[in-house]
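Below: target-v1.pdb (PDB, C-alpha atoms)
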ATOM      1  CA  GLN S   1     133.551  84.787 105.784  1.00  0.00           C
ATOM      2  CA  VAL S   2     131.947  88.195 105.393  1.00  0.00           C
ATOM      3  CA  GLN S   3     129.564  89.287 108.115  1.00  0.00           C
ATOM      4  CA  LEU S   4     126.689  91.712 107.691  1.00  0.00           C
ATOM      5  CA  VAL S   5     125.346  93.462 110.776  1.00  0.00           C
ATOM      6  CA  GLU S   6     122.031  95.279 110.495  1.00  0.00           C
ATOM      7  CA  SER S   7     120.432  97.882 112.711  1.00  0.00           C
ATOM      8  CA  GLY S   8     117.606 100.393 112.674  1.00  0.00           C
ATOM      9  CA  GLY S   9     114.384  98.411 112.523  1.00  0.00           C
ATOM     10  CA  GLY S  10     111.433  99.084 114.775  1.00  0.00           C
ATOM     11  CA  LEU S  11     107.775  99.931 115.134  1.00  0.00           C
ATOM     12  CA  VAL S  12     106.427 103.119 113.552  1.00  0.00           C
ATOM     13  CA  GLN S  13     103.096 104.515 112.450  1.00  0.00           C
ATOM     14  CA  THR S  14     101.908 105.030 108.895  1.00  0.00           C
ATOM     15  CA  GLY S  15     103.673 107.957 107.261  1.00  0.00           C
ATOM     16  CA  GLU S  16     106.678 107.919 109.555  1.00  0.00           C
ATOM     17  CA  SER S  17     110.288 107.168 108.673  1.00  0.00           C
ATOM     18  CA  LEU S  18     113.012 104.705 109.572  1.00  0.00           C
ATOM     19  CA  ARG S  19     116.639 104.332 108.577  1.00  0.00           C
ATOM     20  CA  LEU S  20     118.251 100.930 108.314  1.00  0.00           C
ATOM     21  CA  SER S  21     122.003 100.373 108.353  1.00  0.00           C
ATOM     22  CA  CYS S  22     124.052  97.359 107.333  1.00  0.00           C
ATOM     23  CA  ALA S  23     127.764  97.180 108.049  1.00  0.00           C
ATOM     24  CA  ALA S  24     129.923  94.616 106.241  1.00  0.00           C
ATOM     25  CA  SER S  25     133.151  93.209 107.628  1.00  0.00           C
ATOM     26  CA  ARG S  26     134.835  94.027 104.310  1.00  0.00           C
ATOM     27  CA  SER S  27     134.112  95.633 100.956  1.00  0.00           C
ATOM     28  CA  ILE S  28     131.414  94.014  98.805  1.00  0.00           C
ATOM     29  CA  PHE S  29     130.576  94.955  95.217  1.00  0.00           C
ATOM     30  CA  ASN S  30     126.816  95.042  95.485  1.00  0.00           C
ATOM     31  CA  MET S  31     124.822  95.500  98.684  1.00  0.00           C
ATOM     32  CA  GLY S  32     121.220  96.125  99.472  1.00  0.00           C
ATOM     33  CA  TRP S  33     118.046  94.943 101.106  1.00  0.00           C
ATOM     34  CA  TYR S  34     115.439  92.289 100.592  1.00  0.00           C
ATOM     35  CA  ARG S  35     112.327  91.949 102.683  1.00  0.00           C
ATOM     36  CA  GLN S  36     110.044  89.099 103.604  1.00  0.00           C
ATOM     37  CA  ALA S  37     106.586  89.387 105.071  1.00  0.00           C
ATOM     38  CA  PRO S  38     104.726  86.418 106.615  1.00  0.00           C
ATOM     39  CA  GLY S  39     103.318  84.172 103.897  1.00  0.00           C
ATOM     40  CA  LYS S  40     104.973  86.121 101.099  1.00  0.00           C
ATOM     41  CA  LYS S  41     107.981  85.602  98.887  1.00  0.00           C
ATOM     42  CA  ARG S  42     111.222  87.353  99.645  1.00  0.00           C
ATOM     43  CA  GLU S  43     111.491  90.434  97.435  1.00  0.00           C
ATOM     44  CA  LEU S  44     114.245  92.835  96.496  1.00  0.00           C
ATOM     45  CA  VAL S  45     113.715  96.271  97.989  1.00  0.00           C
ATOM     46  CA  ALA S  46     116.797  98.137  96.824  1.00  0.00           C
ATOM     47  CA  GLY S  47     120.405  97.568  95.870  1.00  0.00           C
ATOM     48  CA  ILE S  48     123.484  99.676  95.244  1.00  0.00           C
ATOM     49  CA  THR S  49     126.845  98.882  93.700  1.00  0.00           C
ATOM     50  CA  SER S  50     130.166 100.192  94.927  1.00  0.00           C
ATOM     51  CA  GLY S  51     130.004 102.631  92.006  1.00  0.00           C
ATOM     52  CA  GLY S  52     126.666 104.006  93.161  1.00  0.00           C
ATOM     53  CA  ILE S  53     124.329 102.364  90.655  1.00  0.00           C
ATOM     54  CA  THR S  54     120.985 101.810  92.351  1.00  0.00           C
ATOM     55  CA  THR S  55     117.927  99.668  91.791  1.00  0.00           C
ATOM     56  CA  TYR S  56     114.552  99.824  93.526  1.00  0.00           C
ATOM     57  CA  ALA S  57     111.364  97.829  93.704  1.00  0.00           C
ATOM     58  CA  ASP S  58     108.501  99.703  92.060  1.00  0.00           C
ATOM     59  CA  SER S  59     106.594  99.632  95.342  1.00  0.00           C
ATOM     60  CA  VAL S  60     109.211 101.753  97.130  1.00  0.00           C
ATOM     61  CA  LYS S  61     110.337 104.158  94.406  1.00  0.00           C
ATOM     62  CA  GLY S  62     109.992 107.745  95.547  1.00  0.00           C
ATOM     63  CA  ARG S  63     109.750 106.729  99.210  1.00  0.00           C
ATOM     64  CA  PHE S  64     112.954 104.779  99.937  1.00  0.00           C
ATOM     65  CA  THR S  65     116.514 105.859  99.252  1.00  0.00           C
ATOM     66  CA  ILE S  66     119.519 103.570  99.361  1.00  0.00           C
ATOM     67  CA  SER S  67     123.033 104.893  99.845  1.00  0.00           C
ATOM     68  CA  ARG S  68     126.407 103.583 100.902  1.00  0.00           C
ATOM     69  CA  ASP S  69     129.623 104.699 102.532  1.00  0.00           C
ATOM     70  CA  ASN S  70     132.377 102.673 100.889  1.00  0.00           C
ATOM     71  CA  ALA S  71     134.944 103.794 103.445  1.00  0.00           C
ATOM     72  CA  LYS S  72     132.809 102.211 106.167  1.00  0.00           C
ATOM     73  CA  ASN S  73     131.551  99.249 104.076  1.00  0.00           C
ATOM     74  CA  THR S  74     128.082 100.303 105.128  1.00  0.00           C
ATOM     75  CA  VAL S  75     124.809 100.607 103.240  1.00  0.00           C
ATOM     76  CA  TYR S  76     121.815 102.621 104.403  1.00  0.00           C
ATOM     77  CA  LEU S  77     118.139 102.472 103.559  1.00  0.00           C
ATOM     78  CA  GLN S  78     116.165 105.606 104.313  1.00  0.00           C
ATOM     79  CA  MET S  79     112.486 104.694 104.380  1.00  0.00           C
ATOM     80  CA  ASN S  80     109.977 107.541 104.291  1.00  0.00           C
ATOM     81  CA  SER S  81     106.191 107.605 104.091  1.00  0.00           C
ATOM     82  CA  LEU S  82     106.021 104.091 105.462  1.00  0.00           C
ATOM     83  CA  LYS S  83     102.893 102.046 104.876  1.00  0.00           C
ATOM     84  CA  PRO S  84     101.504  98.974 106.657  1.00  0.00           C
ATOM     85  CA  GLU S  85     102.390  96.908 103.581  1.00  0.00           C
ATOM     86  CA  ASP S  86     106.055  97.719 104.209  1.00  0.00           C
ATOM     87  CA  THR S  87     105.895  95.581 107.342  1.00  0.00           C
ATOM     88  CA  ALA S  88     108.421  92.764 106.970  1.00  0.00           C
ATOM     89  CA  VAL S  89     111.757  91.423 108.053  1.00  0.00           C
ATOM     90  CA  TYR S  90     114.386  93.384 106.143  1.00  0.00           C
ATOM     91  CA  LEU S  91     117.499  91.441 105.243  1.00  0.00           C
ATOM     92  CA  CYS S  92     120.747  92.976 104.148  1.00  0.00           C
ATOM     93  CA  TYR S  93     122.567  91.140 101.363  1.00  0.00           C
ATOM     94  CA  GLY S  94     125.923  91.275  99.653  1.00  0.00           C
ATOM     95  CA  GLU S  95     127.051  90.100  96.235  1.00  0.00           C
ATOM     96  CA  ARG S  96     130.529  89.772  94.849  1.00  0.00           C
ATOM     97  CA  TRP S  97     131.342  90.999  91.343  1.00  0.00           C
ATOM     98  CA  GLN S  98     129.633  88.794  88.729  1.00  0.00           C
ATOM     99  CA  ALA S  99     128.100  86.580  91.378  1.00  0.00           C
ATOM    100  CA  LEU S 100     125.280  84.327  90.134  1.00  0.00           C
ATOM    101  CA  VAL S 101     123.671  84.095  93.555  1.00  0.00           C
ATOM    102  CA  ILE S 102     123.701  86.247  96.655  1.00  0.00           C
ATOM    103  CA  ASP S 103     126.827  85.496  98.639  1.00  0.00           C
ATOM    104  CA  TYR S 104     126.054  86.953 102.030  1.00  0.00           C
ATOM    105  CA  TRP S 105     122.987  87.613 104.179  1.00  0.00           C
ATOM    106  CA  GLY S 106     122.430  89.548 107.367  1.00  0.00           C
ATOM    107  CA  GLN S 107     120.346  88.223 110.226  1.00  0.00           C
ATOM    108  CA  GLY S 108     117.378  90.469 109.437  1.00  0.00           C
ATOM    109  CA  THR S 109     115.702  93.330 111.222  1.00  0.00           C
ATOM    110  CA  GLN S 110     111.972  93.693 111.820  1.00  0.00           C
ATOM    111  CA  VAL S 111     110.121  96.713 110.471  1.00  0.00           C
ATOM    112  CA  THR S 112     106.524  97.068 111.586  1.00  0.00           C
ATOM    113  CA  VAL S 113     104.260  99.846 110.365  1.00  0.00           C
ATOM    114  CA  SER S 114     100.987 100.271 112.227  1.00  0.00           C
ATOM    115  CA  SER S 115      97.914 101.825 110.628  1.00  0.00           C
TER     116      SER S 115
END
Could you render the structure as structure tokens?
Amino acid sequence: QVQLVESGGGLVQTGESLRLSCAASRSIFNMGWYRQAPGKKRELVAGITSGGITTYADSVKGRFTISRDNAKNTVYLQMNSLKPEDTAVYLCYGERWQALVIDYWGQGTQVTVSS
């Protein structure tokens, strides 16, 4: 069973930055982040394949950057210009090649942006 260990959440003010990290216990084809705010659906924030192909939610384009270190099986999410609406639990995920559903989830890390 693959384990995903997240770190880097916290409380910041509007306009500040945070960097999330997610380390996998072994290599995974596609990794990234979802987020879930109270009373809202879980939404994809950003994903990146082992080949470096990225995808972003429209709401974070230009502010968030996802990257990965394949040698460390780790994915990073650099979040700049944070807004109160970015407040959520951020969950790291992992997908195997051609997976129909997400295979692995992290435990989640809280990001809170105060106005």
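Pairwise distance (CA of Asp69 in chain S, CA of Ala99 in chain S) equals 21.3 Å.
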Check which residues satisfy the PyMOL selection byres ((chain S and resi 21-38) around 7) in the file shown, then give them as number ranges by chain. S: 2-8, 19-20, 39-50, 73-77, 87-97
Between CA of Lys61 in chain S and CA of Val101 in chain S, what is the distance, to one decimal in Å?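 That distance, rounded to one decimal, is 24.1 Å.
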Evaluated on this file, the PyMOL selection byres ((chain S and resi 12) around 10) picks out some residues - which ones are they, written as a ChimeraX atom specification? /S:9-11,13-18,82-84,87,111-115
Please dump the current selection as a PDB file, keeping the file's coordinate frame; keep C-alpha atoms.
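Okay, this is what ended up in result32.pdb:
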ATOM      1  CA  GLY S   9     114.384  98.411 112.523  1.00  0.00           C
ATOM      2  CA  GLY S  10     111.433  99.084 114.775  1.00  0.00           C
ATOM      3  CA  LEU S  11     107.775  99.931 115.134  1.00  0.00           C
ATOM      4  CA  GLN S  13     103.096 104.515 112.450  1.00  0.00           C
ATOM      5  CA  THR S  14     101.908 105.030 108.895  1.00  0.00           C
ATOM      6  CA  GLY S  15     103.673 107.957 107.261  1.00  0.00           C
ATOM      7  CA  GLU S  16     106.678 107.919 109.555  1.00  0.00           C
ATOM      8  CA  SER S  17     110.288 107.168 108.673  1.00  0.00           C
ATOM      9  CA  LEU S  18     113.012 104.705 109.572  1.00  0.00           C
ATOM     10  CA  LEU S  82     106.021 104.091 105.462  1.00  0.00           C
ATOM     11  CA  LYS S  83     102.893 102.046 104.876  1.00  0.00           C
ATOM     12  CA  PRO S  84     101.504  98.974 106.657  1.00  0.00           C
ATOM     13  CA  THR S  87     105.895  95.581 107.342  1.00  0.00           C
ATOM     14  CA  VAL S 111     110.121  96.713 110.471  1.00  0.00           C
ATOM     15  CA  THR S 112     106.524  97.068 111.586  1.00  0.00           C
ATOM     16  CA  VAL S 113     104.260  99.846 110.365  1.00  0.00           C
ATOM     17  CA  SER S 114     100.987 100.271 112.227  1.00  0.00           C
ATOM     18  CA  SER S 115      97.914 101.825 110.628  1.00  0.00           C
TER      19      SER S 115
END
Tell me, in Å to one decimal, how far CA of Phe64 in chain S is from CA of Asp86 in chain S.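 Interatomic distance here is 10.8 Å.
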Output of the PyMOL selection byres ((chain S and resi 63) around 7), listed as a PyMOL selection string: chain S and resi 60-62+64-65+79-81
Which one is closest to Asn70 in chain S: S:Leu100, S:Ala57, S:Glu85, S:Gly52? Count all atoms listed in the file.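 Closest residue, counting all atoms listed in the file: S:Gly52.
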Could you please give me, as a PyMOL selection string, the residues of protein, DNA or RNA lying at most 10 Å from (132.7, 81.0, 100.8) in the coordinate frame of the file, considering all atoms listed in the file? chain S and resi 1-2+103-104
